[in-house]
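Please read the structure below before turning to the comments.
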Amino acid sequence: MVRVEVLVNYARQSRLGITLAAGLWLCAILTALPGSATPVLDAVPTLENIASRLELSAEQESTLRPIFQDRKGELAETQSRLQSATSQQQKREILREAKTQADAFNAKVEGVLTPTQIPRWRELRSQTREKVKERADEKRSSQ
């Protein structure tokens with residue numbers, strides 16, 4: 001019984017950590033990027049990249065395609081809303097909504113992946129976050 005409780009607690013902590021990391025990542029990207037929406041769209045790896053790196057089946061790829069298209073639209077809308085926000089309170093609310101959207105996106109993607117693909121997906125997301133962060137740092141230092 002104790003072992004089950006330990007496993008349940010570990011699972012909760014893992015999900016919480018991933019959720020927090022995803023939220024912080026999204027907040028950092030959305031607040032650090034300048035006006036154009038293109039860099040934000042780069043924050044989601046392309047489906048083609050994922051398909052090759054995760055060795056997706058044709059069925060997985062067709063299931064994920066609309067999920068990725070929706071996510072790109074959400075990111076573009078979020079970026080637009082952030083640019084037009086007039087107060088810090090509005091920006092915080094937009095970022096909270098964006099975090100919820102990011103969590104839902106990751107849950108949908110992981111729901112399609114196999115257990116062996118999920119760790120590779122998380123690693124790919126981590127690498128993508130690092131690249132976006134580097135681009136934002138470069139852009140900030142050149143201004």
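All residue names refer to the structure tokens as shown: chains lettered A, B, ... in order, residues numbered from 1 in each chain, ligands numbered from 1 in order.
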Nearby residues (only C-alpha atoms) at most 12 Å from Glu123 in chain A, same-chain spacing under 6 positions excluded, as a PDB file with C-alpha atoms, in the first residue's frame:
```pdb
ATOM      1  CA  ILE A  18       6.110  19.489 -16.185  1.00  0.00           C
ATOM      2  CA  PRO A  45       8.127  22.265 -33.315  1.00  0.00           C
ATOM      3  CA  ILE A  50       8.254  15.609 -34.762  1.00  0.00           C
ATOM      4  CA  ARG A  53      12.210  12.413 -34.652  1.00  0.00           C
ATOM      5  CA  LEU A  54       9.478  10.462 -32.853  1.00  0.00           C
ATOM      6  CA  GLN A 117       7.555   8.496 -27.553  1.00  0.00           C
ATOM      7  CA  ARG A 129      12.315  26.130 -25.634  1.00  0.00           C
ATOM      8  CA  GLU A 130      16.095  26.536 -25.429  1.00  0.00           C
TER       9      GLU A 130
END
```
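CA of Phe105 in chain A sits 6.9 Å away from CA of Arg71 in chain A.
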Give me the residues within 8 Å of Leu82 in chain A as a PDB file with C-alpha atoms, in the first residue's frame, counting only C-alpha atoms and dropping any in the same chain fewer than 3 places off.
```pdb
ATOM      1  CA  LEU A  30       5.517  35.484 -24.782  1.00  0.00           C
ATOM      2  CA  THR A  78      -2.195  35.180 -27.861  1.00  0.00           C
ATOM      3  CA  GLN A  79       0.641  37.229 -29.329  1.00  0.00           C
ATOM      4  CA  ALA A  85      -3.025  44.683 -23.873  1.00  0.00           C
ATOM      5  CA  LYS A  91      -1.070  40.732 -19.789  1.00  0.00           C
ATOM      6  CA  ILE A  94      -3.585  36.548 -21.138  1.00  0.00           C
TER       7      ILE A  94
END
```
- Using CA of Glu110 in chain A and CA of Ile67 in chain A as the two end points, give the distance in Å to one decimal. 11.3 Å
- Message: Set the distance at 12 Å and use only C-alpha atoms: which residues neighbour Val44 in chain A once local chain neighbours fewer than 5 positions away are removed? I'd like the list as a PyMOL selection string.
- Response: chain A and resi 22+25-26+29+38-39+49-50+67-76+102+105-106+109+121+124-132
- Considering only C-alpha atoms, return as a list in words whatever protein or nucleic-acid residues lie within 9 Å of Glu61 in chain A, sequence-local ones (same chain, fewer than 6 positions apart) excluded. Leu47, Glu48 and Ala51 of chain A
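The gap separating CA of Arg96 in chain A from CA of Ser142 in chain A is 29.2 Å, in Å to one decimal.
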